[in-house]
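Structure data (PDB, C-alpha atoms) from input.pdb:
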ATOM      1  CA  MET A   1     -25.591  18.922  16.845
ATOM      2  CA  ALA A   2     -22.437  18.252  18.848
ATOM      3  CA  LYS A   3     -19.205  17.256  17.137
ATOM      4  CA  LYS A   4     -17.305  14.348  18.629
ATOM      5  CA  THR A   5     -14.119  12.461  18.004
ATOM      6  CA  MET A   6     -14.447   8.787  17.153
ATOM      7  CA  ILE A   7     -13.277   7.996  20.681
ATOM      8  CA  GLU A   8     -16.059  10.120  22.164
ATOM      9  CA  ALA A   9     -18.643   8.604  19.814
ATOM     10  CA  ILE A  10     -17.664   5.060  20.811
ATOM     11  CA  ARG A  11     -17.710   6.016  24.488
ATOM     12  CA  ASP A  12     -21.168   7.564  24.022
ATOM     13  CA  ALA A  13     -22.443   4.363  22.419
ATOM     14  CA  HIS A  14     -21.194   2.367  25.401
ATOM     15  CA  HIS A  15     -22.998   4.648  27.845
ATOM     16  CA  ILE A  16     -26.274   4.519  25.933
ATOM     17  CA  ALA A  17     -26.194   0.736  25.532
ATOM     18  CA  MET A  18     -25.370   0.138  29.193
ATOM     19  CA  GLU A  19     -28.058   2.530  30.390
ATOM     20  CA  ALA A  20     -30.687   0.913  28.177
ATOM     21  CA  ASP A  21     -29.888  -2.718  28.969
ATOM     22  CA  GLU A  22     -28.378  -4.004  32.206
ATOM     23  CA  LYS A  23     -27.285  -7.152  30.382
ATOM     24  CA  VAL A  24     -24.600  -5.152  28.488
ATOM     25  CA  VAL A  25     -21.204  -5.570  30.141
ATOM     26  CA  VAL A  26     -17.786  -4.235  29.125
ATOM     27  CA  PHE A  27     -14.402  -5.735  29.938
ATOM     28  CA  GLY A  28     -10.884  -6.190  28.614
ATOM     29  CA  GLU A  29      -7.327  -5.146  29.334
ATOM     30  CA  ASP A  30      -7.219  -1.751  31.100
ATOM     31  CA  VAL A  31     -10.774  -0.844  30.105
ATOM     32  CA  GLY A  32     -12.071  -0.378  33.639
ATOM     33  CA  TYR A  33     -10.207   1.914  36.041
ATOM     34  CA  PHE A  34      -7.934   3.343  33.323
ATOM     35  CA  GLY A  35     -10.672   3.676  30.697
ATOM     36  CA  GLY A  36      -8.863   1.888  27.891
ATOM     37  CA  VAL A  37      -5.539   2.557  26.241
ATOM     38  CA  PHE A  38      -7.304   4.931  23.826
ATOM     39  CA  ARG A  39      -9.846   6.076  26.465
ATOM     40  CA  CYS A  40     -12.865   4.649  24.660
ATOM     41  CA  THR A  41     -14.291   3.223  27.901
ATOM     42  CA  ALA A  42     -13.393   6.112  30.213
ATOM     43  CA  GLY A  43     -16.005   6.708  32.915
ATOM     44  CA  LEU A  44     -17.899   3.446  32.442
ATOM     45  CA  GLN A  45     -16.647   1.758  35.597
ATOM     46  CA  GLU A  46     -17.263   4.869  37.657
ATOM     47  CA  LYS A  47     -20.838   5.114  36.398
ATOM     48  CA  PHE A  48     -21.905   1.470  36.148
ATOM     49  CA  GLY A  49     -19.691  -0.221  38.721
ATOM     50  CA  ARG A  50     -17.089  -2.950  38.636
ATOM     51  CA  ALA A  51     -19.612  -5.692  37.963
ATOM     52  CA  ARG A  52     -20.439  -4.238  34.550
ATOM     53  CA  CYS A  53     -17.117  -2.685  33.497
ATOM     54  CA  PHE A  54     -13.969  -4.373  34.685
ATOM     55  CA  ASP A  55     -10.358  -5.149  33.860
ATOM     56  CA  ALA A  56      -9.309  -8.563  32.608
ATOM     57  CA  PRO A  57      -5.947 -10.341  32.744
ATOM     58  CA  ILE A  58      -3.627 -10.122  29.733
ATOM     59  CA  CYS A  59      -5.139 -13.221  28.161
ATOM     60  CA  GLU A  60      -7.068 -12.617  24.954
ATOM     61  CA  GLY A  61      -8.237 -16.213  24.725
ATOM     62  CA  GLY A  62      -9.632 -15.975  28.237
ATOM     63  CA  ILE A  63     -11.312 -12.636  27.565
ATOM     64  CA  VAL A  64     -13.098 -13.926  24.481
ATOM     65  CA  GLY A  65     -13.872 -17.303  26.078
ATOM     66  CA  ALA A  66     -15.461 -15.657  29.108
ATOM     67  CA  ALA A  67     -17.506 -13.377  26.848
ATOM     68  CA  ILE A  68     -18.817 -16.366  24.886
ATOM     69  CA  GLY A  69     -20.015 -17.995  28.104
ATOM     70  CA  MET A  70     -21.672 -14.769  29.237
ATOM     71  CA  ALA A  71     -23.372 -14.336  25.857
ATOM     72  CA  ALA A  72     -24.622 -17.921  25.810
ATOM     73  CA  TYR A  73     -26.333 -17.354  29.150
ATOM     74  CA  GLY A  74     -28.061 -14.110  28.307
ATOM     75  CA  LEU A  75     -25.611 -11.234  28.760
ATOM     76  CA  ARG A  76     -24.416  -8.943  25.966
ATOM     77  CA  PRO A  77     -20.684  -8.502  26.459
ATOM     78  CA  CYS A  78     -18.837  -5.819  24.530
ATOM     79  CA  ILE A  79     -15.166  -6.616  25.001
ATOM     80  CA  GLU A  80     -12.019  -4.829  23.924
ATOM     81  CA  ILE A  81      -8.893  -6.429  22.502
ATOM     82  CA  GLN A  82      -6.313  -3.718  23.106
ATOM     83  CA  PHE A  83      -4.936  -3.925  19.540
ATOM     84  CA  ALA A  84      -6.227  -6.048  16.662
ATOM     85  CA  ASP A  85      -2.718  -7.507  16.469
ATOM     86  CA  TYR A  86      -3.383  -9.238  19.799
ATOM     87  CA  ALA A  87      -6.456 -11.107  18.614
ATOM     88  CA  TYR A  88      -4.545 -14.109  17.328
ATOM     89  CA  PRO A  89      -4.327 -15.917  20.710
ATOM     90  CA  ALA A  90      -8.135 -15.672  20.834
ATOM     91  CA  TYR A  91      -8.711 -16.730  17.231
ATOM     92  CA  ASP A  92      -9.648 -20.303  18.126
ATOM     93  CA  GLN A  93     -12.297 -19.086  20.587
ATOM     94  CA  ILE A  94     -13.648 -16.619  18.004
ATOM     95  CA  VAL A  95     -13.761 -19.110  15.126
ATOM     96  CA  SER A  96     -14.520 -22.425  16.822
ATOM     97  CA  GLU A  97     -16.863 -21.197  19.542
ATOM     98  CA  ALA A  98     -18.373 -17.710  19.047
ATOM     99  CA  ALA A  99     -18.961 -18.027  15.317
ATOM    100  CA  ARG A 100     -20.301 -21.594  15.529
ATOM    101  CA  LEU A 101     -22.460 -21.476  18.645
ATOM    102  CA  ARG A 102     -25.782 -20.744  16.943
ATOM    103  CA  HIS A 103     -25.262 -23.442  14.312
ATOM    104  CA  ARG A 104     -23.788 -26.214  16.467
ATOM    105  CA  SER A 105     -26.579 -25.810  19.038
ATOM    106  CA  GLY A 106     -29.341 -25.771  16.446
ATOM    107  CA  GLY A 107     -30.293 -22.258  17.522
ATOM    108  CA  GLN A 108     -30.632 -23.130  21.218
ATOM    109  CA  PHE A 109     -27.749 -20.789  22.060
ATOM    110  CA  THR A 110     -26.446 -17.635  20.423
ATOM    111  CA  ALA A 111     -23.463 -15.377  21.041
ATOM    112  CA  PRO A 112     -24.710 -11.764  21.089
ATOM    113  CA  MET A 113     -21.301 -10.206  21.714
ATOM    114  CA  VAL A 114     -19.063  -7.515  20.251
ATOM    115  CA  ILE A 115     -15.277  -7.713  20.029
ATOM    116  CA  ARG A 116     -13.849  -4.217  19.631
ATOM    117  CA  MET A 117     -10.312  -3.847  18.285
ATOM    118  CA  PRO A 118      -8.228  -0.815  17.243
ATOM    119  CA  THR A 119      -6.874  -1.645  13.786
ATOM    120  CA  GLY A 120      -4.539  -0.345  11.103
ATOM    121  CA  GLY A 121      -1.420   1.771  10.997
ATOM    122  CA  GLY A 122      -0.381   5.321  10.395
ATOM    123  CA  ILE A 123       0.721   5.902  13.991
ATOM    124  CA  PHE A 124       4.269   4.441  13.859
ATOM    125  CA  GLY A 125       3.148   1.458  15.892
ATOM    126  CA  GLY A 126       5.414  -0.985  14.082
ATOM    127  CA  GLN A 127       4.590  -4.494  13.024
ATOM    128  CA  THR A 128       2.773  -5.580  16.218
ATOM    129  CA  HIS A 129       0.523  -2.526  16.606
ATOM    130  CA  SER A 130      -0.471  -1.748  13.009
ATOM    131  CA  GLN A 131      -1.996  -4.840  11.422
ATOM    132  CA  SER A 132      -5.309  -4.975   9.570
ATOM    133  CA  PRO A 133      -6.654  -8.529  10.005
ATOM    134  CA  GLU A 134     -10.202  -7.932   8.739
ATOM    135  CA  ALA A 135      -9.968 -10.621   6.032
ATOM    136  CA  LEU A 136      -9.293 -13.278   8.680
ATOM    137  CA  PHE A 137     -12.635 -12.511  10.321
ATOM    138  CA  ALA A 138     -14.627 -11.883   7.136
ATOM    139  CA  HIS A 139     -13.640 -15.383   6.037
ATOM    140  CA  VAL A 140     -15.373 -17.002   9.019
ATOM    141  CA  SER A 141     -19.025 -17.955   8.639
ATOM    142  CA  GLY A 142     -21.064 -16.818  11.617
ATOM    143  CA  LEU A 143     -19.197 -13.568  12.267
ATOM    144  CA  LYS A 144     -20.138 -10.060  11.212
ATOM    145  CA  THR A 145     -17.290  -7.638  10.486
ATOM    146  CA  VAL A 146     -17.690  -3.872  10.872
ATOM    147  CA  ILE A 147     -15.255  -0.998  10.190
ATOM    148  CA  PRO A 148     -16.463   2.616  10.675
ATOM    149  CA  SER A 149     -14.791   5.631   9.093
ATOM    150  CA  THR A 150     -16.503   8.517  10.933
ATOM    151  CA  PRO A 151     -17.668   9.303  14.466
ATOM    152  CA  TYR A 152     -21.312   9.257  13.328
ATOM    153  CA  ASP A 153     -20.951   5.769  11.898
ATOM    154  CA  ALA A 154     -18.844   4.563  14.823
ATOM    155  CA  LYS A 155     -21.612   5.293  17.324
ATOM    156  CA  GLY A 156     -24.479   4.054  15.159
ATOM    157  CA  LEU A 157     -22.690   0.899  14.034
ATOM    158  CA  LEU A 158     -21.532   0.051  17.557
ATOM    159  CA  LEU A 159     -25.051   0.361  18.946
ATOM    160  CA  ALA A 160     -26.366  -1.814  16.103
ATOM    161  CA  SER A 161     -23.605  -4.350  16.796
ATOM    162  CA  ILE A 162     -24.345  -4.528  20.531
ATOM    163  CA  GLU A 163     -28.029  -5.086  19.764
ATOM    164  CA  ASP A 164     -27.287  -7.780  17.174
ATOM    165  CA  ASN A 165     -27.888 -11.388  18.215
ATOM    166  CA  ASP A 166     -24.714 -12.740  16.602
ATOM    167  CA  PRO A 167     -21.017 -12.072  17.272
ATOM    168  CA  VAL A 168     -19.655  -8.909  15.678
ATOM    169  CA  ILE A 169     -16.013  -8.015  15.070
ATOM    170  CA  PHE A 170     -15.840  -4.236  15.426
ATOM    171  CA  LEU A 171     -12.596  -2.864  13.996
ATOM    172  CA  GLU A 172     -11.771   0.764  14.830
ATOM    173  CA  PRO A 173      -9.142   2.474  12.628
ATOM    174  CA  LYS A 174      -6.917   3.961  15.311
ATOM    175  CA  ARG A 175      -5.579   6.576  12.867
ATOM    176  CA  LEU A 176      -9.108   8.018  12.789
ATOM    177  CA  TYR A 177      -9.701   8.195  16.537
ATOM    178  CA  ASN A 178      -8.920  11.920  16.833
ATOM    179  CA  GLY A 179      -9.377  13.116  13.262
ATOM    180  CA  PRO A 180      -9.831  12.031   9.650
ATOM    181  CA  PHE A 181      -6.641  11.071   7.807
ATOM    182  CA  ASP A 182      -6.320  11.472   4.055
ATOM    183  CA  GLY A 183      -2.828   9.986   3.750
ATOM    184  CA  GLU A 184      -0.968  13.309   3.633
ATOM    185  CA  HIS A 185       1.269  12.377   6.555
ATOM    186  CA  ASP A 186       3.554  15.409   6.228
ATOM    187  CA  LYS A 187       0.704  17.870   6.796
ATOM    188  CA  SER A 188      -0.827  19.031  10.055
ATOM    189  CA  ILE A 189      -3.534  16.878  11.618
ATOM    190  CA  VAL A 190      -7.027  18.298  11.210
ATOM    191  CA  PRO A 191      -9.282  17.457  14.193
ATOM    192  CA  TRP A 192     -12.761  16.024  13.855
ATOM    193  CA  SER A 193     -14.178  19.281  15.210
ATOM    194  CA  LYS A 194     -13.556  20.862  11.793
ATOM    195  CA  HIS A 195     -15.470  18.193   9.847
ATOM    196  CA  ASP A 196     -19.192  17.676   9.277
ATOM    197  CA  ASP A 197     -18.675  13.903   9.549
ATOM    198  CA  ALA A 198     -18.064  14.463  13.262
ATOM    199  CA  GLU A 199     -21.620  15.579  13.949
ATOM    200  CA  VAL A 200     -23.068  12.938  16.244
ATOM    201  CA  PRO A 201     -26.678  13.069  17.497
ATOM    202  CA  ASP A 202     -27.348  12.727  21.190
ATOM    203  CA  GLY A 203     -29.205   9.673  22.369
ATOM    204  CA  HIS A 204     -29.863   6.371  20.655
ATOM    205  CA  TYR A 205     -29.636   5.737  16.918
ATOM    206  CA  THR A 206     -28.255   2.911  14.822
ATOM    207  CA  VAL A 207     -26.558   2.570  11.460
ATOM    208  CA  PRO A 208     -27.748  -0.719   9.940
ATOM    209  CA  LEU A 209     -25.213  -3.464   9.390
ATOM    210  CA  GLY A 210     -24.852  -4.454   5.753
ATOM    211  CA  LYS A 211     -25.565  -1.047   4.247
ATOM    212  CA  ALA A 212     -22.791   0.834   2.445
ATOM    213  CA  LYS A 213     -22.730   4.594   1.988
ATOM    214  CA  ILE A 214     -21.876   6.619  -1.100
ATOM    215  CA  VAL A 215     -19.691   9.351   0.397
ATOM    216  CA  ARG A 216     -18.811  10.982  -2.934
ATOM    217  CA  GLU A 217     -20.913  10.692  -6.055
ATOM    218  CA  GLY A 218     -19.306  10.342  -9.479
ATOM    219  CA  LYS A 219     -19.812   8.849 -12.909
ATOM    220  CA  ASP A 220     -16.357   7.909 -14.230
ATOM    221  CA  ILE A 221     -14.975   5.350 -11.759
ATOM    222  CA  THR A 222     -15.959   3.621  -8.503
ATOM    223  CA  ILE A 223     -13.604   3.424  -5.514
ATOM    224  CA  LEU A 224     -14.447   0.772  -2.925
ATOM    225  CA  ALA A 225     -12.946   1.563   0.479
ATOM    226  CA  TYR A 226     -13.467   1.242   4.212
ATOM    227  CA  GLY A 227     -11.984   2.705   7.372
ATOM    228  CA  THR A 228      -9.087   5.106   6.920
ATOM    229  CA  MET A 229      -8.971   4.488   3.175
ATOM    230  CA  VAL A 230     -12.337   6.211   2.715
ATOM    231  CA  HIS A 231     -10.676   9.539   3.498
ATOM    232  CA  VAL A 232      -7.659   8.715   1.328
ATOM    233  CA  ALA A 233     -10.012   7.888  -1.555
ATOM    234  CA  LYS A 234     -11.965  11.144  -1.272
ATOM    235  CA  LYS A 235      -8.802  13.235  -1.103
ATOM    236  CA  THR A 236      -7.164  11.452  -4.033
ATOM    237  CA  ALA A 237     -10.216  11.820  -6.269
ATOM    238  CA  GLU A 238     -10.320  15.546  -5.538
ATOM    239  CA  ASP A 239      -6.589  16.014  -6.129
ATOM    240  CA  GLN A 240      -6.636  14.054  -9.391
ATOM    241  CA  GLY A 241      -9.707  15.868 -10.681
ATOM    242  CA  ILE A 242     -11.422  12.548 -11.366
ATOM    243  CA  ASP A 243     -15.190  12.237 -11.141
ATOM    244  CA  ALA A 244     -14.945   9.233  -8.858
ATOM    245  CA  GLU A 245     -17.735   7.684  -6.847
ATOM    246  CA  VAL A 246     -16.399   6.692  -3.427
ATOM    247  CA  ILE A 247     -18.259   3.972  -1.522
ATOM    248  CA  ASP A 248     -17.662   3.435   2.183
ATOM    249  CA  LEU A 249     -18.493  -0.232   2.723
ATOM    250  CA  ARG A 250     -18.886   0.220   6.514
ATOM    251  CA  THR A 251     -19.519  -3.511   7.004
ATOM    252  CA  LEU A 252     -17.576  -6.243   5.209
ATOM    253  CA  VAL A 253     -19.927  -8.981   6.394
ATOM    254  CA  PRO A 254     -22.759  -8.576   5.598
ATOM    255  CA  LEU A 255     -21.670  -6.775   2.421
ATOM    256  CA  ASP A 256     -23.891  -4.387   0.491
ATOM    257  CA  THR A 257     -23.363  -5.903  -2.960
ATOM    258  CA  GLU A 258     -26.372  -4.049  -4.374
ATOM    259  CA  THR A 259     -24.825  -0.603  -3.854
ATOM    260  CA  ILE A 260     -21.493  -1.838  -5.243
ATOM    261  CA  ALA A 261     -23.083  -3.322  -8.356
ATOM    262  CA  GLN A 262     -25.235  -0.276  -9.086
ATOM    263  CA  SER A 263     -22.212   2.019  -8.872
ATOM    264  CA  VAL A 264     -19.856  -0.071 -11.011
ATOM    265  CA  GLN A 265     -22.524  -0.706 -13.632
ATOM    266  CA  LYS A 266     -22.905   3.079 -13.839
ATOM    267  CA  THR A 267     -19.205   3.997 -13.970
ATOM    268  CA  GLY A 268     -17.769   0.967 -15.784
ATOM    269  CA  ARG A 269     -14.523   1.189 -13.823
ATOM    270  CA  CYS A 270     -13.458   0.202 -10.317
ATOM    271  CA  VAL A 271     -10.501   0.492  -7.953
ATOM    272  CA  VAL A 272     -10.381  -1.254  -4.579
ATOM    273  CA  VAL A 273      -8.190   0.124  -1.785
ATOM    274  CA  HIS A 274      -7.337  -1.206   1.656
ATOM    275  CA  GLU A 275      -4.442  -1.018   4.092
ATOM    276  CA  ALA A 276      -4.085  -4.734   4.751
ATOM    277  CA  THR A 277      -1.617  -6.938   2.898
ATOM    278  CA  ARG A 278      -2.443  -7.730  -0.717
ATOM    279  CA  THR A 279      -2.440 -11.527  -0.979
ATOM    280  CA  CYS A 280      -5.805 -12.929   0.157
ATOM    281  CA  GLY A 281      -6.765  -9.473   1.446
ATOM    282  CA  TYR A 282     -10.424  -8.478   1.477
ATOM    283  CA  GLY A 283      -9.838  -6.567  -1.742
ATOM    284  CA  ALA A 284      -9.475  -9.865  -3.597
ATOM    285  CA  GLU A 285     -13.024 -10.759  -2.579
ATOM    286  CA  LEU A 286     -14.269  -7.359  -3.714
ATOM    287  CA  VAL A 287     -12.580  -7.738  -7.109
ATOM    288  CA  SER A 288     -14.182 -11.156  -7.515
ATOM    289  CA  ILE A 289     -17.634  -9.823  -6.616
ATOM    290  CA  VAL A 290     -17.321  -6.900  -9.024
ATOM    291  CA  ASN A 291     -16.284  -9.262 -11.835
ATOM    292  CA  GLU A 292     -19.181 -11.602 -11.077
ATOM    293  CA  LEU A 293     -21.851  -8.906 -10.900
ATOM    294  CA  CYS A 294     -20.567  -6.280 -13.331
ATOM    295  CA  PHE A 295     -18.396  -8.057 -15.917
ATOM    296  CA  TRP A 296     -20.291  -6.858 -18.972
ATOM    297  CA  ALA A 297     -20.276  -3.260 -17.708
ATOM    298  CA  LEU A 298     -16.530  -3.054 -17.071
ATOM    299  CA  GLU A 299     -14.456  -0.888 -19.406
ATOM    300  CA  ALA A 300     -11.147  -1.882 -17.754
ATOM    301  CA  PRO A 301      -9.807  -4.501 -15.325
ATOM    302  CA  VAL A 302     -10.455  -3.826 -11.641
ATOM    303  CA  GLU A 303      -7.327  -2.556  -9.875
ATOM    304  CA  ARG A 304      -6.255  -3.099  -6.232
ATOM    305  CA  VAL A 305      -4.218  -0.716  -4.091
ATOM    306  CA  THR A 306      -3.128  -2.326  -0.829
ATOM    307  CA  GLY A 307      -0.403  -2.732   1.735
ATOM    308  CA  TRP A 308       2.568  -4.865   0.733
ATOM    309  CA  ASP A 309       3.015  -8.543   1.541
ATOM    310  CA  THR A 310       5.407  -7.832   4.390
ATOM    311  CA  PRO A 311       5.155  -7.265   8.130
ATOM    312  CA  TYR A 312       4.123  -3.684   8.763
ATOM    313  CA  PRO A 313       7.392  -1.685   8.732
ATOM    314  CA  HIS A 314       8.210   1.002  11.255
ATOM    315  CA  SER A 315      10.805   3.055   9.381
ATOM    316  CA  GLN A 316       9.112   2.648   5.961
ATOM    317  CA  GLU A 317       5.585   3.257   7.159
ATOM    318  CA  TRP A 318       4.657   5.678   4.394
ATOM    319  CA  ASP A 319       6.012   3.414   1.673
ATOM    320  CA  TYR A 320       3.712   0.699   2.975
ATOM    321  CA  PHE A 321       0.662   2.874   3.622
ATOM    322  CA  PRO A 322      -1.608   3.111   0.506
ATOM    323  CA  GLY A 323      -1.594   6.887   0.233
ATOM    324  CA  PRO A 324      -2.785   9.350  -2.418
ATOM    325  CA  LYS A 325       0.248   8.827  -4.663
ATOM    326  CA  ARG A 326      -0.255   5.097  -5.103
ATOM    327  CA  LEU A 327      -4.037   5.363  -5.296
ATOM    328  CA  GLY A 328      -3.799   8.234  -7.771
ATOM    329  CA  ALA A 329      -1.555   6.187 -10.068
ATOM    330  CA  ALA A 330      -4.065   3.319  -9.997
ATOM    331  CA  LEU A 331      -6.974   5.624 -10.762
ATOM    332  CA  ASN A 332      -5.173   7.095 -13.759
ATOM    333  CA  GLN A 333      -4.196   3.654 -14.999
ATOM    334  CA  VAL A 334      -7.791   2.395 -14.917
ATOM    335  CA  MET A 335      -9.108   5.616 -16.458
ATOM    336  CA  GLU A 336      -6.661   5.347 -19.362
ATOM    337  CA  ALA A 337      -7.230   1.648 -19.965
TER     338      ALA A 337
END
As structure tokens, please, write out the structure in this file.
Amino acid sequence: MAKKTMIEAIRDAHHIAMEADEKVVVFGEDVGYFGGVFRCTAGLQEKFGRARCFDAPICEGGIVGAAIGMAAYGLRPCIEIQFADYAYPAYDQIVSEAARLRHRSGGQFTAPMVIRMPTGGGIFGGQTHSQSPEALFAHVSGLKTVIPSTPYDAKGLLLASIEDNDPVIFLEPKRLYNGPFDGEHDKSIVPWSKHDDAEVPDGHYTVPLGKAKIVREGKDITILAYGTMVHVAKKTAEDQGIDAEVIDLRTLVPLDTETIAQSVQKTGRCVVVHEATRTCGYGAELVSIVNELCFWALEAPVERVTGWDTPYPHSQEWDYFPGPKRLGAALNQVMEA
């Protein structure tokens, strides 16, 4: 089985979807001739033509608005917002139109569309190229929110998202594009080619939305993570010598509460980790769900490890980034409680 980077896996999913269904179209800023700022759409315009893969003006609201119209009339647009930080000008279109179309039309219209966005930090992108806005989308009824952590999942989840009949926010951790990142920023980058998680089957397959994955089994504590933090969680558990069960949520909406509950009821302890800011971050929802479903099984309060409530700093990136040191301290605190 071939090993691919996350970029190659996403590109492969695009090719397969566009070959299988002529209604799938791809557009956004620089995605056509240039192939995307991260090269995730390279070769699509050359293969499928300018009618199915094309560049759009620098106008996120217009990009999303046009995609909604296309979706309502039978196409399946898969659009790219160049960075998740740029989605805010399109937020009204996403919330008021894409997410509501099925409900406000009584099911007469739907919005089968995917909005791809590179998300997160760890690349010294500063405050306008490093944000993690997943909670803003997870809050909106009518949207599905997906965040892969491996090339295998990236391809399978993207194909499932394109085939879904409702709008999907597809957030791609840019720090994982070329290799997994465990938070040890002062060590050499290890490429995906050296990891089993990079094995990606040829051809069509899907990873179902709403199904989490246990990426490390354990009996003493549960770590709930997604995106880049999955790799940080695995590394930290190994370094600390803690028998932690690490769950990769993969999709935030729909959320696999069954897998979460079964794990926490087994371990009795839980730590939630994400890169986004702390206040009203998605971790708060996870803590609430764990308390609702697993209260009588908990041996200690659920702990959160997150980014700080500040704009993403450039010079203090690694103080902001929830790395192994901060996560390790939280794990030990919950284990000792």
With a cut-off of 9 Å, could you pull out the residues of region 190-215 of chain A touching region 152-155 of chain A and give me the nearest pair of atoms for each, distance in Å to one decimal, using all atoms listed in the file, ordered by chain and ascending number, as a tab-separated table?
residue	atom	partner	partner_atom	distance
A:Asp197	CA	A:Tyr152	CA	6.5
A:Ala198	CA	A:Tyr152	CA	6.1
A:Glu199	CA	A:Tyr152	CA	6.4
A:Val200	CA	A:Tyr152	CA	5.0
A:Pro201	CA	A:Tyr152	CA	7.8
A:His204	CA	A:Lys155	CA	9.0
A:Tyr205	CA	A:Lys155	CA	8.0
A:Thr206	CA	A:Lys155	CA	7.5
A:Val207	CA	A:Asp153	CA	6.5
A:Gly121, A:Gly281, A:Gly183, A:Pro191: which is nearest Tyr312 (chain A), counting only C-alpha atoms?
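The closest residue to Tyr312 (chain A) is A:Gly121.
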Which residues would end up in the selection if the PyMOL selection byres ((chain A and resi 165-172) around 6) were applied here, given that I need the answer as a list in words?
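With the PyMOL selection byres ((chain A and resi 165-172) around 6) on this model, the match is Ala111, Pro112, Met113, Val114, Ile115, Arg116, Met117, Pro118, Thr119, Leu143, Lys144, Thr145, Val146, Ile147, Asp164, Pro173 and Lys174 of chain A.
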Looking at A:Gln93, A:Thr277, A:Asn178, A:Thr5, which one is nearest to Ser130 (chain A), with distances taken over all atoms listed in the file?
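Ranking A:Gln93, A:Thr277, A:Asn178, A:Thr5 by distance to Ser130 (chain A), first place goes to A:Thr277.
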Nearby residues (only C-alpha atoms) at most 8 Å from Ile7 (chain A), same-chain spacing under 5 positions excluded, as a ChimeraX atom specification:
/A:38-40,151,177-178
Residues returned when the PyMOL selection byres ((chain A and resi 330) around 10) runs on this file, as a list in words:
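Output from the PyMOL selection byres ((chain A and resi 330) around 10), applied to this file: Cys270, Val271, Val272, Val273, Val302, Glu303, Arg304, Val305, Pro324, Lys325, Arg326, Leu327, Gly328, Ala329, Leu331, Asn332, Gln333, Val334, Met335 and Glu336 of chain A.
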Using all atoms listed in the file, find the one residue out of A:Val290, A:Met6, A:Val253, A:Ala98 that sits nearest to Ala135 (chain A).
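Ranking A:Val290, A:Met6, A:Val253, A:Ala98 by distance to Ala135 (chain A), first place goes to A:Val253.
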Got a sec to resolve the PyMOL selection byres ((chain A and resi 242) around 10) on this structure and send the residues as a list of chain:residue names?
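Selection result, ordered by chain and number: A:Gly218, A:Lys219, A:Asp220, A:Ile221, A:Thr236, A:Ala237, A:Glu238, A:Asp239, A:Gln240, A:Gly241, A:Asp243, A:Ala244, A:Glu245, A:Gly328, A:Leu331, A:Asn332, A:Met335.
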Write the residues you've just listed into a file as an mmCIF file, in the coordinates of the input, and include C-alpha atoms for each of them.
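Written out: selection_35.cif:
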data_model
loop_
_atom_site.group_PDB
_atom_site.id
_atom_site.type_symbol
_atom_site.label_atom_id
_atom_site.label_comp_id
_atom_site.auth_asym_id
_atom_site.auth_seq_id
_atom_site.Cartn_x
_atom_site.Cartn_y
_atom_site.Cartn_z
ATOM 1 C CA GLY A 218 -19.306 10.342 -9.479
ATOM 2 C CA LYS A 219 -19.812 8.849 -12.909
ATOM 3 C CA ASP A 220 -16.357 7.909 -14.230
ATOM 4 C CA ILE A 221 -14.975 5.350 -11.759
ATOM 5 C CA THR A 236 -7.164 11.452 -4.033
ATOM 6 C CA ALA A 237 -10.216 11.820 -6.269
ATOM 7 C CA GLU A 238 -10.320 15.546 -5.538
ATOM 8 C CA ASP A 239 -6.589 16.014 -6.129
ATOM 9 C CA GLN A 240 -6.636 14.054 -9.391
ATOM 10 C CA GLY A 241 -9.707 15.868 -10.681
ATOM 11 C CA ASP A 243 -15.190 12.237 -11.141
ATOM 12 C CA ALA A 244 -14.945 9.233 -8.858
ATOM 13 C CA GLU A 245 -17.735 7.684 -6.847
ATOM 14 C CA GLY A 328 -3.799 8.234 -7.771
ATOM 15 C CA LEU A 331 -6.974 5.624 -10.762
ATOM 16 C CA ASN A 332 -5.173 7.095 -13.759
ATOM 17 C CA MET A 335 -9.108 5.616 -16.458
#
Please identify all polymer residues within 12 Å of region 100-110 of chain A, counting all atoms listed in the file, omitting same-chain residues fewer than 4 positions from it, and present them as a short mmCIF file (atom, residue, chain, number, x, y, z; two decimals) with C-alpha atoms, in the coordinates of the input.
data_model
loop_
_atom_site.label_atom_id
_atom_site.label_comp_id
_atom_site.auth_asym_id
_atom_site.auth_seq_id
_atom_site.Cartn_x
_atom_site.Cartn_y
_atom_site.Cartn_z
CA ALA A 67 -17.51 -13.38 26.85
CA ILE A 68 -18.82 -16.37 24.89
CA GLY A 69 -20.02 -18.00 28.10
CA MET A 70 -21.67 -14.77 29.24
CA ALA A 71 -23.37 -14.34 25.86
CA ALA A 72 -24.62 -17.92 25.81
CA TYR A 73 -26.33 -17.35 29.15
CA GLY A 74 -28.06 -14.11 28.31
CA LEU A 75 -25.61 -11.23 28.76
CA ARG A 76 -24.42 -8.94 25.97
CA ASP A 92 -9.65 -20.30 18.13
CA GLN A 93 -12.30 -19.09 20.59
CA ILE A 94 -13.65 -16.62 18.00
CA VAL A 95 -13.76 -19.11 15.13
CA SER A 96 -14.52 -22.42 16.82
CA VAL A 140 -15.37 -17.00 9.02
CA SER A 141 -19.02 -17.95 8.64
CA GLY A 142 -21.06 -16.82 11.62
CA LEU A 143 -19.20 -13.57 12.27
CA ASP A 164 -27.29 -7.78 17.17
CA ASN A 165 -27.89 -11.39 18.22
CA ASP A 166 -24.71 -12.74 16.60
CA PRO A 167 -21.02 -12.07 17.27
#
Coordinates-based distance that separates CA of Leu252 (chain A) from CA of Asp196 (chain A) (Å, one decimal)
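Between CA of Asp196 (chain A) and CA of Leu252 (chain A) the gap is 24.3 Å.
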Using only C-alpha atoms: which of A:Tyr320, A:Tyr88, A:Phe83, A:Trp192 has the shortest distance to Phe137 (chain A):
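When distances to Phe137 (chain A) are compared using only C-alpha atoms, the smallest one comes from A:Tyr88.
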